[in-house]
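Text of entry05.txt, listed as compact mmCIF, C-alpha atoms (C1' of nucleotides):
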# COMPACT_ATOMS: atom_id res chain seq x y z
CA MET A 8 0.00 0.00 0.00
CA ARG A 9 1.46 3.33 -1.01
CA LEU A 10 1.54 6.10 1.57
CA PRO A 11 0.64 9.70 0.98
CA ASN A 12 3.78 11.84 0.89
CA ALA A 13 3.21 13.29 4.35
CA GLY A 14 5.58 14.02 7.21
CA HIS A 15 4.25 12.19 10.20
CA ARG A 16 4.55 12.69 13.90
CA ARG A 17 5.17 11.12 17.20
CA GLY A 18 4.78 7.36 16.94
CA GLY A 19 3.35 7.64 13.46
CA ALA A 20 -0.25 6.69 14.00
CA ARG A 21 -0.80 6.84 10.30
CA ASP A 22 1.96 4.37 9.52
CA ALA A 23 0.64 1.95 12.08
CA VAL A 24 -2.85 2.07 10.63
CA ILE A 25 -1.65 1.71 7.08
CA GLU A 26 0.61 -1.15 7.99
CA LEU A 27 -2.17 -3.03 9.74
CA LEU A 28 -4.54 -2.43 6.90
CA ALA A 29 -2.06 -3.66 4.32
CA GLU A 30 -1.93 -7.01 6.06
CA GLN A 31 -5.68 -7.47 5.87
CA SER A 32 -7.40 -9.40 3.16
CA CYS A 33 -10.88 -8.46 4.30
CA ALA A 34 -12.65 -5.46 5.73
CA LEU A 35 -12.21 -4.11 9.28
CA SER A 36 -14.28 -1.58 11.15
CA ALA A 37 -12.71 1.41 12.90
CA ALA A 38 -13.25 -0.28 16.24
CA GLU A 39 -11.61 -3.47 15.02
CA ILE A 40 -8.62 -1.53 13.76
CA GLU A 41 -8.30 0.22 17.09
CA GLN A 42 -8.44 -3.10 18.93
CA ALA A 43 -6.00 -4.80 16.61
CA LEU A 44 -3.49 -2.00 17.02
CA ALA A 45 -3.93 -1.89 20.78
CA ALA A 46 -3.31 -5.63 20.87
CA ARG A 47 0.07 -5.07 19.31
CA ARG A 48 0.84 -2.25 21.75
CA ARG A 49 0.46 0.46 19.17
CA GLN A 50 -2.52 2.46 20.34
CA VAL A 51 -4.04 4.91 17.93
CA SER A 52 -6.95 7.16 18.71
CA ARG A 53 -10.24 6.48 17.02
CA ALA A 54 -10.17 9.96 15.54
CA SER A 55 -6.85 9.31 13.85
CA ILE A 56 -8.13 6.07 12.43
CA TYR A 57 -11.04 7.82 10.82
CA ARG A 58 -8.82 10.61 9.57
CA VAL A 59 -6.36 8.19 7.99
CA MET A 60 -9.18 6.24 6.45
CA ASP A 61 -10.64 9.37 5.00
CA GLU A 62 -7.29 10.30 3.55
CA LEU A 63 -6.71 6.87 2.07
CA ALA A 64 -10.21 6.72 0.65
CA GLN A 65 -9.67 10.00 -1.16
CA ILE A 66 -6.61 8.74 -2.94
CA GLY A 67 -8.28 5.45 -3.71
CA GLN A 68 -6.07 3.28 -1.52
CA ILE A 69 -8.93 1.75 0.44
CA THR A 70 -12.49 0.73 -0.19
CA GLN A 71 -15.32 1.36 2.22
CA VAL A 72 -17.70 -1.51 2.76
CA GLU A 73 -21.06 -1.00 4.40
CA VAL A 74 -22.82 -4.11 5.46
CA GLY A 75 -25.60 -2.55 7.38
CA GLN A 76 -24.83 -2.80 11.07
CA GLY A 77 -24.51 0.92 11.38
CA LEU A 78 -20.79 0.95 10.84
CA VAL A 79 -18.36 1.29 8.00
CA ARG A 80 -15.62 -1.20 7.26
CA PHE A 81 -12.41 -0.52 5.42
CA GLU A 82 -10.16 -2.69 3.34
CA PRO A 83 -7.21 -2.10 1.03
CA ALA A 84 -8.27 -1.34 -2.52
CA HIS A 85 -7.61 -4.37 -4.66
CA ASP A 86 -5.77 -4.14 -7.92
CA GLY A 87 -7.82 -6.31 -10.14
CA ALA A 88 -6.97 -9.86 -9.11
CA ALA A 89 -7.93 -9.60 -5.46
CA HIS A 90 -11.20 -7.81 -6.17
CA HIS A 91 -13.97 -9.41 -4.17
CA HIS A 92 -17.30 -8.87 -2.49
CA HIS A 93 -18.85 -10.00 0.78
CA LEU A 94 -21.32 -12.38 2.27
CA VAL A 95 -22.59 -11.00 5.56
CA CYS A 96 -23.78 -13.47 8.15
CA GLN A 97 -27.08 -12.34 9.60
CA ARG A 98 -26.49 -14.51 12.65
CA CYS A 99 -22.94 -13.76 13.78
CA GLY A 100 -22.13 -10.69 11.72
CA ALA A 101 -19.03 -12.18 10.15
CA LEU A 102 -17.86 -11.15 6.71
CA GLU A 103 -16.91 -13.80 4.20
CA PRO A 104 -15.24 -12.65 1.01
CA PHE A 105 -15.94 -14.19 -2.36
CA ALA A 106 -15.13 -13.48 -5.97
CA ASP A 107 -16.94 -14.45 -9.14
CA ASP A 108 -15.98 -13.75 -12.71
CA ALA A 109 -19.43 -14.17 -14.14
CA LEU A 110 -20.72 -11.62 -11.65
CA GLU A 111 -18.00 -9.14 -12.61
CA ARG A 112 -18.71 -9.62 -16.30
CA ALA A 113 -22.40 -9.06 -15.76
CA ILE A 114 -21.73 -5.85 -13.83
CA SER A 115 -19.23 -4.67 -16.39
CA ARG A 116 -21.61 -5.19 -19.31
CA LEU A 117 -24.47 -3.71 -17.35
CA SER A 118 -22.44 -0.63 -16.51
CA GLU A 119 -21.92 0.10 -20.16
CA ARG A 120 -25.56 0.10 -21.06
CA LEU A 121 -26.68 2.30 -18.18
CA PRO A 122 -27.27 5.98 -18.88
CA GLY A 123 -24.99 7.30 -16.14
CA ARG A 124 -21.33 6.67 -15.54
CA VAL A 125 -20.37 3.83 -13.22
CA SER A 126 -17.04 4.00 -11.42
CA GLU A 127 -17.48 1.57 -8.56
CA HIS A 128 -19.69 -1.29 -7.54
CA GLU A 129 -20.41 -3.27 -4.43
CA VAL A 130 -22.26 -6.53 -4.02
CA VAL A 131 -23.48 -7.64 -0.62
CA LEU A 132 -24.98 -11.04 -0.02
CA ARG A 133 -26.81 -11.66 3.24
CA GLY A 134 -27.55 -14.99 4.87
CA ARG A 135 -25.54 -17.46 6.89
CA CYS A 136 -21.81 -17.84 6.80
CA SER A 137 -20.36 -21.32 6.42
CA SER A 138 -20.06 -21.69 10.21
CA CYS A 139 -23.62 -20.63 10.96
CA ALA A 140 -25.37 -22.28 8.01
CA MET B 20 -48.90 -3.56 0.15
CA ARG B 21 -50.50 -5.73 2.77
CA LEU B 22 -50.89 -4.33 6.25
CA PRO B 23 -50.16 -6.12 9.45
CA ASN B 24 -53.41 -7.12 11.16
CA ALA B 25 -53.21 -4.37 13.75
CA GLY B 26 -55.71 -2.02 15.32
CA HIS B 27 -54.31 1.43 14.84
CA ARG B 28 -54.72 4.65 16.67
CA ARG B 29 -55.33 8.33 16.51
CA GLY B 30 -54.76 9.46 12.92
CA GLY B 31 -53.23 6.17 11.98
CA ALA B 32 -49.58 7.03 11.54
CA ARG B 33 -48.91 3.54 10.34
CA ASP B 34 -51.48 3.71 7.58
CA ALA B 35 -50.09 7.00 6.37
CA VAL B 36 -46.58 5.62 6.21
CA ILE B 37 -47.63 2.43 4.47
CA GLU B 38 -49.72 4.33 2.00
CA LEU B 39 -46.88 6.66 1.09
CA LEU B 40 -44.46 3.81 0.77
CA ALA B 41 -46.77 1.85 -1.47
CA GLU B 42 -46.73 4.70 -3.96
CA GLN B 43 -42.97 4.72 -4.19
CA SER B 44 -41.02 2.89 -6.83
CA CYS B 45 -37.67 3.66 -5.30
CA ALA B 46 -36.13 3.92 -1.86
CA LEU B 47 -36.81 6.72 0.64
CA SER B 48 -34.98 7.58 3.83
CA ALA B 49 -36.80 8.08 7.13
CA ALA B 50 -36.29 11.83 6.84
CA GLU B 51 -37.68 11.84 3.30
CA ILE B 52 -40.71 9.91 4.43
CA GLU B 53 -41.27 12.36 7.25
CA GLN B 54 -41.00 15.30 4.87
CA ALA B 55 -43.22 13.75 2.23
CA LEU B 56 -45.92 13.06 4.80
CA ALA B 57 -45.63 16.53 6.31
CA ALA B 58 -46.03 17.98 2.81
CA ARG B 59 -49.38 16.27 2.52
CA ARG B 60 -50.39 17.50 5.97
CA ARG B 61 -50.10 14.14 7.59
CA GLN B 62 -47.30 14.53 10.10
CA VAL B 63 -45.86 11.40 11.60
CA SER B 64 -43.13 11.30 14.19
CA ARG B 65 -39.73 10.03 13.17
CA ALA B 66 -39.97 7.36 15.86
CA SER B 67 -43.18 5.98 14.40
CA ILE B 68 -41.65 5.88 10.96
CA TYR B 69 -38.80 3.77 12.22
CA ARG B 70 -41.15 1.56 14.17
CA VAL B 71 -43.38 0.96 11.18
CA MET B 72 -40.35 0.27 9.01
CA ASP B 73 -39.06 -2.21 11.49
CA GLU B 74 -42.40 -3.92 11.57
CA LEU B 75 -42.71 -4.05 7.81
CA ALA B 76 -39.15 -5.28 7.42
CA GLN B 77 -39.83 -8.16 9.76
CA ILE B 78 -42.74 -9.40 7.73
CA GLY B 79 -40.81 -8.90 4.52
CA GLN B 80 -42.96 -6.11 3.14
CA ILE B 81 -40.10 -3.70 2.63
CA THR B 82 -36.44 -3.85 1.73
CA GLN B 83 -33.75 -1.79 3.37
CA VAL B 84 -31.24 -0.19 1.06
CA GLU B 85 -27.97 1.18 2.32
CA VAL B 86 -26.10 3.34 -0.08
CA GLY B 87 -23.49 4.62 2.24
CA GLN B 88 -24.44 8.11 3.30
CA GLY B 89 -24.91 7.05 6.85
CA LEU B 90 -28.59 6.46 6.50
CA VAL B 91 -30.95 3.66 5.62
CA ARG B 92 -33.50 3.84 2.85
CA PHE B 93 -36.67 1.84 2.58
CA GLU B 94 -38.69 0.64 -0.35
CA PRO B 95 -41.57 -1.75 -0.85
CA ALA B 96 -40.43 -5.33 -1.31
CA HIS B 97 -40.78 -6.29 -4.92
CA ASP B 98 -42.44 -9.50 -5.95
CA GLY B 99 -40.01 -10.82 -8.48
CA ALA B 100 -40.68 -8.73 -11.54
CA ALA B 101 -39.94 -5.35 -10.00
CA HIS B 102 -36.76 -6.51 -8.31
CA HIS B 103 -34.02 -3.98 -8.90
CA HIS B 104 -30.84 -2.44 -7.59
CA HIS B 105 -29.45 1.09 -7.45
CA LEU B 106 -26.97 3.41 -9.01
CA VAL B 107 -25.96 6.07 -6.50
CA CYS B 108 -24.83 9.39 -7.86
CA GLN B 109 -21.67 10.50 -6.09
CA ARG B 110 -22.35 14.07 -7.13
CA CYS B 111 -25.99 14.72 -6.25
CA GLY B 112 -26.79 11.70 -4.12
CA ALA B 113 -29.73 10.61 -6.24
CA LEU B 114 -30.74 6.99 -6.53
CA GLU B 115 -31.41 5.52 -9.94
CA PRO B 116 -32.94 2.07 -10.10
CA PHE B 117 -31.94 -0.54 -12.64
CA ALA B 118 -32.57 -4.22 -13.27
CA ASP B 119 -30.52 -6.76 -15.14
CA ASP B 120 -31.30 -10.40 -15.77
CA ALA B 121 -27.73 -11.44 -16.43
CA LEU B 122 -26.73 -9.94 -13.11
CA GLU B 123 -29.48 -11.79 -11.28
CA ARG B 124 -28.53 -15.06 -12.95
CA ALA B 125 -24.90 -14.59 -12.00
CA ILE B 126 -25.84 -13.92 -8.38
CA SER B 127 -28.22 -16.83 -8.31
CA ARG B 128 -25.65 -19.27 -9.64
CA LEU B 129 -22.99 -17.84 -7.41
CA SER B 130 -25.19 -18.19 -4.34
CA GLU B 131 -25.53 -21.90 -4.95
CA ARG B 132 -21.85 -22.58 -5.03
CA LEU B 133 -20.99 -20.60 -1.89
CA PRO B 134 -20.53 -22.53 1.34
CA GLY B 135 -23.02 -20.47 3.38
CA ARG B 136 -26.68 -19.88 2.76
CA VAL B 137 -27.67 -16.76 0.83
CA SER B 138 -31.09 -15.29 1.41
CA GLU B 139 -30.74 -11.73 0.13
CA HIS B 140 -28.49 -9.70 -2.06
CA GLU B 141 -27.88 -6.07 -2.82
CA VAL B 142 -25.91 -4.48 -5.62
CA VAL B 143 -24.85 -0.85 -5.43
CA LEU B 144 -23.24 0.95 -8.34
CA ARG B 145 -21.60 4.28 -7.68
CA GLY B 146 -20.82 6.97 -10.19
CA ARG B 147 -22.83 9.65 -11.93
CA CYS B 148 -26.54 9.56 -12.55
CA SER B 149 -27.81 10.34 -16.03
CA SER B 150 -28.32 14.00 -15.10
CA CYS B 151 -24.85 14.50 -13.65
CA ALA B 152 -22.84 12.38 -16.09
C1' DT C 5 9.77 28.99 14.33
C1' DT C 6 6.13 27.06 11.58
C1' DG C 7 3.10 23.51 10.12
C1' DC C 8 0.57 19.77 10.77
C1' DA C 9 -0.30 14.91 12.60
C1' DT C 10 -2.16 13.37 16.84
C1' DG C 11 -5.14 12.61 21.03
C1' DC C 12 -8.80 13.92 23.90
C1' DA C 13 -13.18 15.45 24.57
C1' DA C 14 -17.16 17.51 22.81
C1' DA C 15 -20.30 17.80 19.05
C1' DG C 16 -23.18 15.75 15.21
C1' DC C 17 -26.43 12.64 13.16
C1' DA C 18 -29.24 8.76 12.30
C1' DT C 19 -31.56 5.51 14.83
C1' DT C 20 -33.50 3.44 19.13
C1' DT C 21 -35.76 3.46 23.45
C1' DG C 22 -38.47 5.03 27.73
C1' DC C 23 -42.43 6.94 29.05
C1' DA C 24 -46.94 8.99 29.24
C1' DC C 25 -51.13 9.47 26.95
C1' DA C 26 -55.24 8.69 24.32
C1' DC C 27 -57.88 6.12 21.25
C1' DA C 28 -59.70 1.48 19.74
C1' DT C 29 -61.76 -2.45 21.51
C1' DA D 20 -61.21 -0.88 31.93
C1' DT D 21 -57.46 -2.68 28.96
C1' DG D 22 -54.13 -2.90 25.44
C1' DT D 23 -51.28 -0.68 22.36
C1' DG D 24 -50.15 2.80 18.60
C1' DT D 25 -48.25 7.30 18.88
C1' DG D 26 -45.43 11.44 19.93
C1' DC D 27 -42.00 13.62 22.59
C1' DA D 28 -37.70 13.67 24.54
C1' DA D 29 -33.81 11.33 26.15
C1' DA D 30 -30.47 7.87 25.20
C1' DT D 31 -27.29 5.23 22.08
C1' DG D 32 -23.62 4.38 19.06
C1' DC D 33 -20.79 5.48 15.21
C1' DT D 34 -18.44 9.17 13.12
C1' DT D 35 -16.77 13.97 12.88
C1' DT D 36 -14.85 18.16 14.59
C1' DG D 37 -12.54 21.71 17.78
C1' DC D 38 -8.80 22.51 20.28
C1' DA D 39 -4.33 22.08 22.39
C1' DT D 40 0.04 19.81 22.07
C1' DG D 41 4.46 18.57 20.49
C1' DC D 42 7.19 16.38 16.88
C1' DA D 43 9.10 17.21 12.12
C1' DA D 44 11.21 20.25 9.09

Go through the file and emit its structure as structure tokens.
Amino acid sequence: MRLPNAGHRRGGARDAVIELLAEQSCALSAAEIEQALAARRRQVSRASIYRVMDELAQIGQITQVEVGQGLVRFEPAHDGAAHHHHLVCQRCGALEPFADDALERAISRLSERLPGRVSEHEVVLRGRCSSCA
Amino acid sequence: MRLPNAGHRRGGARDAVIELLAEQSCALSAAEIEQALAARRRQVSRASIYRVMDELAQIGQITQVEVGQGLVRFEPAHDGAAHHHHLVCQRCGALEPFADDALERAISRLSERLPGRVSEHEVVLRGRCSSCA
DNA sequence: TTGCATGCAAAGCATTTGCACACAT
DNA sequence: ATGTGTGCAAATGCTTTGCATGCAA
């Protein structure tokens, strides 16, 4: 994950957040990021997490995923190959990533025939994850 | 739209909400519902709107749509034919509905091969609506 | 010194809940 | 009388913002 050109401060909250995020394959909420960082003795304030996320979102380095529990999740923007979507478990709240070429093709073709301009898409499936099914 | 069997009260806030919703083809937020009802001189408290929505959602009469502006939108549940998804304009915030058979087929096939159980799905496209493109 | 990333605490919003009241039964 | 839909206001929970601080340059 590329960093914005900034000059950081103190312990480098931004670096810590970016580093953690880069290791993730699936989406984390702000609270989860805070906990994960605290667990590795690198506390970062919630405010900074949101600020970094906002910054990264603006330069397209992360994707925001909203699965409908009143919170936003963040994950590194995927460069093609790792592009995926999510199945949200309505029982335990877990996110399970999946990818499907046919789905992507359908969305791609669909996007061309729509009147507007489509720059992003998000597919959310709801049901039971493999553990809860 | 079928109503729950209830005995209502006073001016019948629930009826007013259900009636308004039944006229809609696309999703409305709680605030929009409140405004629309106020405009037709049938004020309903925000709390009642949420309560009615919750009730209708539980019996599957409405669908909740989350397009990522920190609010939930509601629309009547479609019986097959009218099933659609939304393009969200990143400039003006408008919702534009669309439907696509190939997309639905892809999701349907995909849902079968996933390990969990899929009961709902939602597709959100982001970009520019036809007016803002 | 100057600028800005950071943390803390307060503010903002959408949504939910507690409570009292009044209408339907 | 009794049950419950309704409105108001307070509470909740996530996210944002204001402000002060101190490191980086």

Set out as JSON lines a contact list for chain C and chain B with a cut-off of 9 Å, giving each residue of chain C that qualifies its closest atom pair and distance in Å to one decimal, counting all atoms listed in the file, ordered by chain and rising residue number.
{"residue": "C:DC17", "atom": "C1'", "partner": "B:Gly89", "partner_atom": "CA", "distance": 8.6}
{"residue": "C:DA18", "atom": "C1'", "partner": "B:Leu90", "partner_atom": "CA", "distance": 6.3}
{"residue": "C:DT19", "atom": "C1'", "partner": "B:Tyr69", "partner_atom": "CA", "distance": 7.9}
{"residue": "C:DT20", "atom": "C1'", "partner": "B:Ala66", "partner_atom": "CA", "distance": 8.2}
{"residue": "C:DA26", "atom": "C1'", "partner": "B:Arg29", "partner_atom": "CA", "distance": 7.8}
{"residue": "C:DC27", "atom": "C1'", "partner": "B:Arg28", "partner_atom": "CA", "distance": 5.8}
{"residue": "C:DA28", "atom": "C1'", "partner": "B:Arg28", "partner_atom": "CA", "distance": 6.7}
{"residue": "C:DT29", "atom": "C1'", "partner": "B:Gly26", "partner_atom": "CA", "distance": 8.7}

Figure out the distance between CA of Ala152 (chain B) and CA of Arg124 (chain A), please, to one decimal in Å.
5.9 Å

From the set B:Gln62, B:Gln80, B:Gln54, B:Gln88, which residue has the shortest atom-to-atom contact distance to chain A, counting only C-alpha atoms?
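Ranking B:Gln62, B:Gln80, B:Gln54, B:Gln88 by distance to chain A, first place goes to B:Gln88.
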
Have a look at D:DC38, D:DA29, D:DA44, D:DG24 and name the one nearest to chain B; count all atoms listed in the file.
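Ranking D:DC38, D:DA29, D:DA44, D:DG24 by distance to chain B, first place goes to D:DG24.
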
Please indicate the distance in Å from CA of Leu144 (chain B) to CA of Glu42 (chain B), rounded to one decimal place.
24.2 Å

Would you work out the distance separating CA of Phe93 (chain B) from CA of Leu40 (chain B), expressed in Å to one decimal?
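Distance reported for this atom pair: 8.2 Å.
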
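Here the question is which of B:His97, B:Gln77, B:Glu131, B:Ile126 gets nearest to chain A using all atoms listed in the file, and that residue is B:Ile126.
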
What are the residues of chain D that have an atom within 9 Å of an atom of chain B, counting all atoms listed in the file, as a list in words?
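Result: DT23, DG24, DT25, DG26 and DC27 of chain D.
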
Name the closest residue to chain A among the candidates B:Glu38, B:Glu53, B:Glu94, B:Asp119; distances are taken between atoms, counting all atoms listed in the file.
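Looking only at the distances to chain A, the closest residue turns out to be B:Asp119.
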
Given a cut-off of 7 Å, which residues of chain B touch chain A, counting only C-alpha atoms, written out as a list in words?
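Here they are: Glu85, Gly87, Ala121, Leu122, Ala125, Ile126, Pro134, Gly135, Arg136, Val137, Ser138, Glu139, His140, Glu141, Val142, Val143, Leu144, Arg145, Gly146, Arg147, Cys148, Ser149 and Ala152 of chain B.
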
Calculated over only C-alpha atoms, which of the candidates B:Leu114, B:Val36, B:Leu56, B:Cys45 has the smallest distance to Glu74 (chain B)?
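With only C-alpha atoms as the atom set, the closest residue is B:Val36.
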
Just the residues within 10 Å of DG16 (chain C), please, counting only C-alpha atoms (C1' of nucleotides), with nothing from its chain fewer than 3 positions along; format it as a PyMOL selection string.
chain D and resi 34-36

Enumerate, in order of chain and increasing residue number, the residues of chain D with an atom no farther than 9 Å from region 9-14 of chain C, each with its shortest atom pair and distance in Å to one decimal, counting all atoms listed in the file, as JSON lines.
{"residue": "D:DT36", "atom": "C1'", "partner": "C:DA14", "partner_atom": "C1'", "distance": 8.6}
{"residue": "D:DG37", "atom": "C1'", "partner": "C:DA14", "partner_atom": "C1'", "distance": 8.0}
{"residue": "D:DT40", "atom": "C1'", "partner": "C:DT10", "partner_atom": "C1'", "distance": 8.6}
{"residue": "D:DC42", "atom": "C1'", "partner": "C:DA9", "partner_atom": "C1'", "distance": 8.8}

Kindly compute an axis-aligned box around the listed atoms of region 137-150 of chain B, allowing 6 Å on each side, and express its centre and edge lengths in Å to one decimal as JSON.
{"center_x": -26.0, "center_y": -1.4, "center_z": -7.3, "size_x": 22.3, "size_y": 42.8, "size_z": 29.4}
